[in-house]
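K.L.:
This is start.cif, which holds mmCIF, C-alpha atoms and all ligand atoms:
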```cif
data_model
#
loop_
_atom_site.label_atom_id
_atom_site.label_comp_id
_atom_site.auth_asym_id
_atom_site.auth_seq_id
_atom_site.Cartn_x
_atom_site.Cartn_y
_atom_site.Cartn_z
CA MET A 1 16.65 -35.05 -22.27
CA GLY A 2 18.08 -36.03 -18.98
CA GLU A 3 17.66 -32.51 -17.61
CA ARG A 4 15.51 -32.00 -14.62
CA ALA A 5 13.12 -29.13 -14.56
CA VAL A 6 13.69 -26.92 -11.56
CA ALA A 7 10.63 -25.24 -10.23
CA SER A 8 11.09 -21.55 -9.89
CA ASP A 9 8.11 -20.15 -8.11
CA SER A 10 9.02 -16.63 -7.11
CA SER A 11 5.47 -16.07 -5.84
CA SER A 12 6.33 -18.06 -2.72
CA TYR A 13 8.87 -15.36 -1.82
CA PRO A 14 6.99 -12.13 -1.27
CA THR A 15 8.80 -9.03 -2.40
CA VAL A 16 9.45 -6.57 0.38
CA LYS A 17 8.87 -2.96 -0.60
CA ARG A 18 11.91 -0.76 -0.12
CA ARG A 19 11.29 1.56 2.78
CA CYS A 20 13.08 3.85 5.19
CA VAL A 21 12.08 3.70 8.84
CA SER A 22 13.08 6.65 11.02
CA VAL A 23 13.07 6.29 14.80
CA CYS A 24 13.37 9.49 16.80
CA GLN A 25 16.36 9.51 19.13
CA ASN A 26 15.81 12.93 20.60
CA ARG A 27 15.31 13.58 24.33
CA SER A 28 11.59 12.95 24.86
CA CYS A 29 11.50 9.81 22.76
CA LEU A 30 14.70 8.51 24.35
CA ARG A 31 13.08 8.88 27.78
CA SER A 32 10.22 6.73 26.47
CA GLY A 33 12.47 3.92 25.25
CA SER A 34 13.15 4.81 21.61
CA GLU A 35 16.72 3.53 21.77
CA ASP A 36 15.44 -0.02 22.34
CA VAL A 37 12.77 0.42 19.65
CA LEU A 38 15.46 1.46 17.16
CA ALA A 39 17.68 -1.52 18.06
CA SER A 40 14.76 -3.93 17.80
CA LEU A 41 13.69 -2.58 14.41
CA GLN A 42 17.25 -2.75 13.12
CA GLN A 43 17.40 -6.41 14.16
CA GLN A 44 14.04 -7.44 12.76
CA ALA A 45 13.58 -5.35 9.61
CA PRO A 46 13.59 -7.41 6.42
CA ASP A 47 16.15 -6.89 3.67
CA GLY A 48 15.36 -3.82 1.63
CA VAL A 49 14.16 -1.82 4.61
CA PHE A 50 16.57 0.77 5.96
CA VAL A 51 16.16 1.66 9.64
CA GLN A 52 17.78 4.83 10.90
CA ALA A 53 17.95 7.04 13.96
CA SER A 54 16.39 10.43 13.39
CA SER A 55 16.35 13.74 15.13
CA CYS A 56 13.13 15.11 16.58
CA LEU A 57 10.11 14.35 14.42
CA GLY A 58 8.13 17.16 16.02
CA GLN A 59 5.75 14.98 18.03
CA CYS A 60 7.61 14.92 21.33
CA GLY A 61 4.61 14.16 23.52
CA SER A 62 3.75 11.04 21.55
CA GLY A 63 7.02 9.13 21.59
CA PRO A 64 8.63 6.93 20.81
CA MET A 65 7.87 8.20 17.32
CA VAL A 66 8.48 6.10 14.21
CA GLN A 67 7.98 7.29 10.64
CA VAL A 68 7.85 4.95 7.63
CA ASN A 69 8.57 6.32 4.17
CA PRO A 70 7.77 6.57 1.33
CA ASP A 71 4.41 5.58 2.84
CA ASN A 72 4.34 8.71 5.03
CA VAL A 73 2.99 6.63 7.91
CA TRP A 74 3.51 8.00 11.42
CA TYR A 75 3.47 5.72 14.44
CA CYS A 76 3.32 6.93 18.03
CA ARG A 77 4.05 5.40 21.44
CA VAL A 78 5.80 2.45 19.80
CA ARG A 79 7.17 -0.09 22.27
CA VAL A 80 9.63 -2.91 21.73
CA LYS A 81 6.75 -5.37 22.06
CA ASP A 82 5.07 -3.66 19.06
CA VAL A 83 8.04 -4.17 16.73
CA PRO A 84 7.27 -7.76 15.57
CA LYS A 85 3.74 -6.70 14.58
CA LEU A 86 5.02 -3.57 12.82
CA VAL A 87 7.52 -5.67 10.88
CA GLU A 88 5.06 -8.45 9.98
CA GLU A 89 2.05 -6.31 9.13
CA HIS A 90 3.58 -3.17 7.64
CA LEU A 91 7.10 -3.84 6.45
CA ILE A 92 6.34 -7.33 5.11
CA GLY A 93 2.55 -7.42 4.79
CA ASP A 94 2.13 -3.88 3.44
CA ARG A 95 -0.66 -3.04 5.91
CA PRO A 96 -0.04 -0.25 8.44
CA VAL A 97 -0.66 -1.22 12.07
CA ARG A 98 -3.84 0.67 12.84
CA ASN A 99 -3.60 0.80 16.63
CA LEU A 100 -0.17 2.46 16.47
CA LEU A 101 -1.05 5.16 13.93
CA HIS A 102 -0.64 8.72 15.15
CA PRO A 103 -4.16 10.22 15.11
CA ARG A 104 -2.84 13.66 14.15
CA PHE A 105 -1.69 12.30 10.79
CA HIS A 106 -4.12 9.40 10.47
CA PRO A 107 -7.46 10.43 11.95
CA PRO A 108 -9.77 7.52 12.70
CA SER A 109 -12.16 6.99 9.83
CA PRO A 110 -15.63 5.54 10.51
CA ALA A 111 -15.38 3.76 7.18
CA TYR A 112 -12.41 1.82 8.47
CA TYR A 113 -13.36 1.63 12.14
CA ASP A 114 -12.74 -1.82 13.52
CA PRO A 115 -14.05 -2.17 17.08
CA THR A 116 -11.93 -5.27 17.61
CA ALA A 117 -8.64 -3.52 16.79
S1 LIG B 201 11.70 14.00 20.78
FE1 LIG B 201 10.88 12.45 19.49
S2 LIG B 201 9.46 13.54 18.27
FE2 LIG B 201 10.44 15.10 19.40
#
```
Give the structure from this file in structure tokens form.
Ligand code: FES
P.N.:
Amino acid sequence: MGERAVASDSSSYPTVKRRCVSVCQNRSCLRSGSEDVLASLQQQAPDGVFVQASSCLGQCGSGPMVQVNPDNVWYCRVRVKDVPKLVEEHLIGDRPVRNLLHPRFHPPSPAYYDPTA
């Protein structure tokens, strides 16, 4: 009696999956702006997501390269303007950003082809 029930609805706070995001900081990617992509991701990543600089990811012609693990998702030609979408859709929403996927690792699938993407 006299106590007030406190609503505790944890479903209104989505759980962010723990991930590691690697952003190549080797020569080719640096020339394409990967330093700014790294800084932007470090600023915007939600708690539980670790963002780190990496050495060459072996895709030098497709930089800036970003790899997200443990999902094993490879993004190519990532720009600073892409970071908010990558954070919202992948790191928070759990859906990889289709138009940034590297086609070598994620070949387009007709089953998932979205002409509006
Ligand atoms: S320099 Fe970035 S993938 Fe090689």
K.L.:
At a cut-off of 7 Å and counting all atoms listed in the file, what residues surround ligand LIG 201 (chain B)? Please answer as a PyMOL selection string.
P.N.:
chain A and resi 24-29+56-60+63-65
K.L.:
To one decimal place in Å, what is the distance between atom CA of A:Cys20 and atom CA of A:Phe50?
P.N.:
4.7 Å
K.L.:
Name all residues at most 8 Å from stretch 30-47 of chain A (count all atoms listed in the file; drop same-chain ones fewer than 5 positions away) and give them as JSON, numbers by chain.
P.N.:
{"A": [16, 23, 24, 25, 52, 53, 63, 64, 65, 78, 79, 80, 83, 84, 87, 91, 92]}
K.L.:
From the list A:Val51, A:Leu86, A:Val68, A:Val21, which residue is nearest A:Asn99 when using only C-alpha atoms?
P.N.:
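The closest residue to A:Asn99 is A:Leu86.
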K.L.:
Enter the distance from atom CA of A:Lys17 to atom CA of A:Pro108, in Å, rounded to one decimal.
P.N.:
25.2 Å
K.L.:
Find the residue from A:Tyr75, A:Arg19, A:Ser62, A:Lys81 that sits nearest to A:Arg98; use only C-alpha atoms when measuring.
P.N.:
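When distances to A:Arg98 are compared using only C-alpha atoms, the smallest one comes from A:Tyr75.
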K.L.:
Quick one: residues within 6 Å of A:Gln67, all atoms listed in the file, excluding same-chain residues fewer than 3 positions away - as an MDAnalysis selection string?
P.N.:
chainID A and resid 21:22 73:74
K.L.:
What separation in Å, quoted to one decimal, exists between atom CA of A:Pro96 and atom CA of A:Ser55?
P.N.:
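Interatomic distance here is 22.6 Å.
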K.L.:
Identify which of the residues A:Val66, A:Asp71, A:Thr15, A:Cys76 lies closest to A:Arg95, counting all atoms listed in the file when measuring atom-to-atom distances.
P.N.:
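Using all atoms listed in the file, the shortest distance to A:Arg95 belongs to A:Asp71.
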K.L.:
Assuming 6 Å of padding per side, give the centre and edge lengths of the axis-aligned box around every listed atom of stretch 21-37 of chain A, in Å to one decimal and as AutoDock Vina command-line options.
P.N.:
```
--center_x 13.5 --center_y 6.8 --center_z 18.3 --size_x 18.5 --size_y 25.6 --size_z 30.9
```
K.L.:
Of the candidates A:Pro70, A:Gly61, A:Lys85, A:Arg18, which one gets nearest to A:His102 if we count all atoms listed in the file?
P.N.:
A:Gly61
K.L.:
Please, could all heavy atoms be added to stretch 73-84 of chain A and the result written as a short mmCIF file (atom, residue, chain, number, x, y, z; two decimals), keeping the file's coordinate frame?
P.N.:
```
data_model
loop_
_atom_site.label_atom_id
_atom_site.label_comp_id
_atom_site.auth_asym_id
_atom_site.auth_seq_id
_atom_site.Cartn_x
_atom_site.Cartn_y
_atom_site.Cartn_z
N VAL A 73 3.76 7.16 6.78
CA VAL A 73 2.99 6.63 7.91
C VAL A 73 3.73 7.01 9.20
O VAL A 73 4.95 6.83 9.31
CB VAL A 73 2.82 5.10 7.81
CG1 VAL A 73 2.29 4.52 9.11
CG2 VAL A 73 1.89 4.76 6.66
N TRP A 74 2.95 7.55 10.14
CA TRP A 74 3.51 8.00 11.42
C TRP A 74 2.95 7.11 12.52
O TRP A 74 1.74 7.00 12.69
CB TRP A 74 3.10 9.44 11.70
CG TRP A 74 3.64 10.45 10.74
CD1 TRP A 74 3.28 10.64 9.43
CD2 TRP A 74 4.64 11.44 11.02
NE1 TRP A 74 4.01 11.66 8.88
CE2 TRP A 74 4.84 12.18 9.84
CE3 TRP A 74 5.38 11.76 12.15
CZ2 TRP A 74 5.75 13.22 9.77
CZ3 TRP A 74 6.28 12.82 12.08
CH2 TRP A 74 6.47 13.53 10.90
N TYR A 75 3.87 6.52 13.29
CA TYR A 75 3.47 5.72 14.44
C TYR A 75 3.86 6.45 15.73
O TYR A 75 4.90 7.12 15.78
CB TYR A 75 4.16 4.36 14.42
CG TYR A 75 3.68 3.44 13.33
CD1 TYR A 75 4.54 3.04 12.32
CD2 TYR A 75 2.38 2.97 13.31
CE1 TYR A 75 4.10 2.19 11.31
CE2 TYR A 75 1.93 2.12 12.30
CZ TYR A 75 2.80 1.73 11.31
OH TYR A 75 2.37 0.89 10.32
N CYS A 76 3.02 6.30 16.75
CA CYS A 76 3.32 6.93 18.03
C CYS A 76 3.28 5.89 19.16
O CYS A 76 2.65 4.85 19.03
CB CYS A 76 2.33 8.06 18.32
SG CYS A 76 0.60 7.55 18.43
N ARG A 77 3.99 6.24 20.23
CA ARG A 77 4.05 5.40 21.44
C ARG A 77 4.41 3.95 21.10
O ARG A 77 3.79 3.00 21.61
CB ARG A 77 2.76 5.48 22.21
CG ARG A 77 2.49 6.87 22.73
CD ARG A 77 1.25 7.00 23.59
NE ARG A 77 1.13 8.37 24.07
CZ ARG A 77 0.56 9.36 23.39
NH1 ARG A 77 0.03 9.13 22.21
NH2 ARG A 77 0.52 10.58 23.87
N VAL A 78 5.37 3.80 20.22
CA VAL A 78 5.80 2.45 19.80
C VAL A 78 6.68 1.85 20.89
O VAL A 78 7.59 2.51 21.41
CB VAL A 78 6.58 2.52 18.47
CG1 VAL A 78 7.07 1.14 18.07
CG2 VAL A 78 5.70 3.13 17.38
N ARG A 79 6.39 0.64 21.26
CA ARG A 79 7.17 -0.09 22.27
C ARG A 79 7.89 -1.25 21.60
O ARG A 79 7.50 -1.68 20.50
CB ARG A 79 6.25 -0.64 23.36
CG ARG A 79 5.40 0.40 24.03
CD ARG A 79 6.22 1.31 24.91
NE ARG A 79 5.39 2.31 25.55
CZ ARG A 79 5.74 3.58 25.74
NH1 ARG A 79 6.91 4.00 25.31
NH2 ARG A 79 4.94 4.42 26.34
N VAL A 80 8.89 -1.78 22.27
CA VAL A 80 9.63 -2.91 21.73
C VAL A 80 8.68 -4.07 21.43
O VAL A 80 8.83 -4.75 20.42
CB VAL A 80 10.75 -3.34 22.71
CG1 VAL A 80 11.35 -4.68 22.31
CG2 VAL A 80 11.84 -2.27 22.76
N LYS A 81 7.69 -4.27 22.28
CA LYS A 81 6.75 -5.37 22.06
C LYS A 81 5.91 -5.17 20.79
O LYS A 81 5.33 -6.13 20.29
CB LYS A 81 5.83 -5.55 23.27
CG LYS A 81 4.83 -4.42 23.48
CD LYS A 81 3.92 -4.71 24.66
CE LYS A 81 2.95 -3.58 24.97
NZ LYS A 81 2.10 -3.16 23.87
N ASP A 82 5.84 -3.94 20.28
CA ASP A 82 5.07 -3.66 19.06
C ASP A 82 5.87 -3.96 17.79
O ASP A 82 5.31 -4.03 16.69
CB ASP A 82 4.65 -2.18 19.01
CG ASP A 82 3.77 -1.78 20.18
OD1 ASP A 82 2.90 -2.59 20.56
OD2 ASP A 82 3.96 -0.67 20.71
N VAL A 83 7.19 -4.08 17.92
CA VAL A 83 8.04 -4.17 16.73
C VAL A 83 7.73 -5.40 15.87
O VAL A 83 7.63 -5.29 14.64
CB VAL A 83 9.54 -4.09 17.13
CG1 VAL A 83 10.44 -4.46 15.96
CG2 VAL A 83 9.85 -2.68 17.64
N PRO A 84 7.56 -6.60 16.44
CA PRO A 84 7.27 -7.76 15.57
C PRO A 84 6.00 -7.55 14.72
O PRO A 84 5.97 -7.90 13.54
CB PRO A 84 7.09 -8.91 16.56
CG PRO A 84 7.88 -8.51 17.76
CD PRO A 84 7.73 -7.02 17.86
#
```
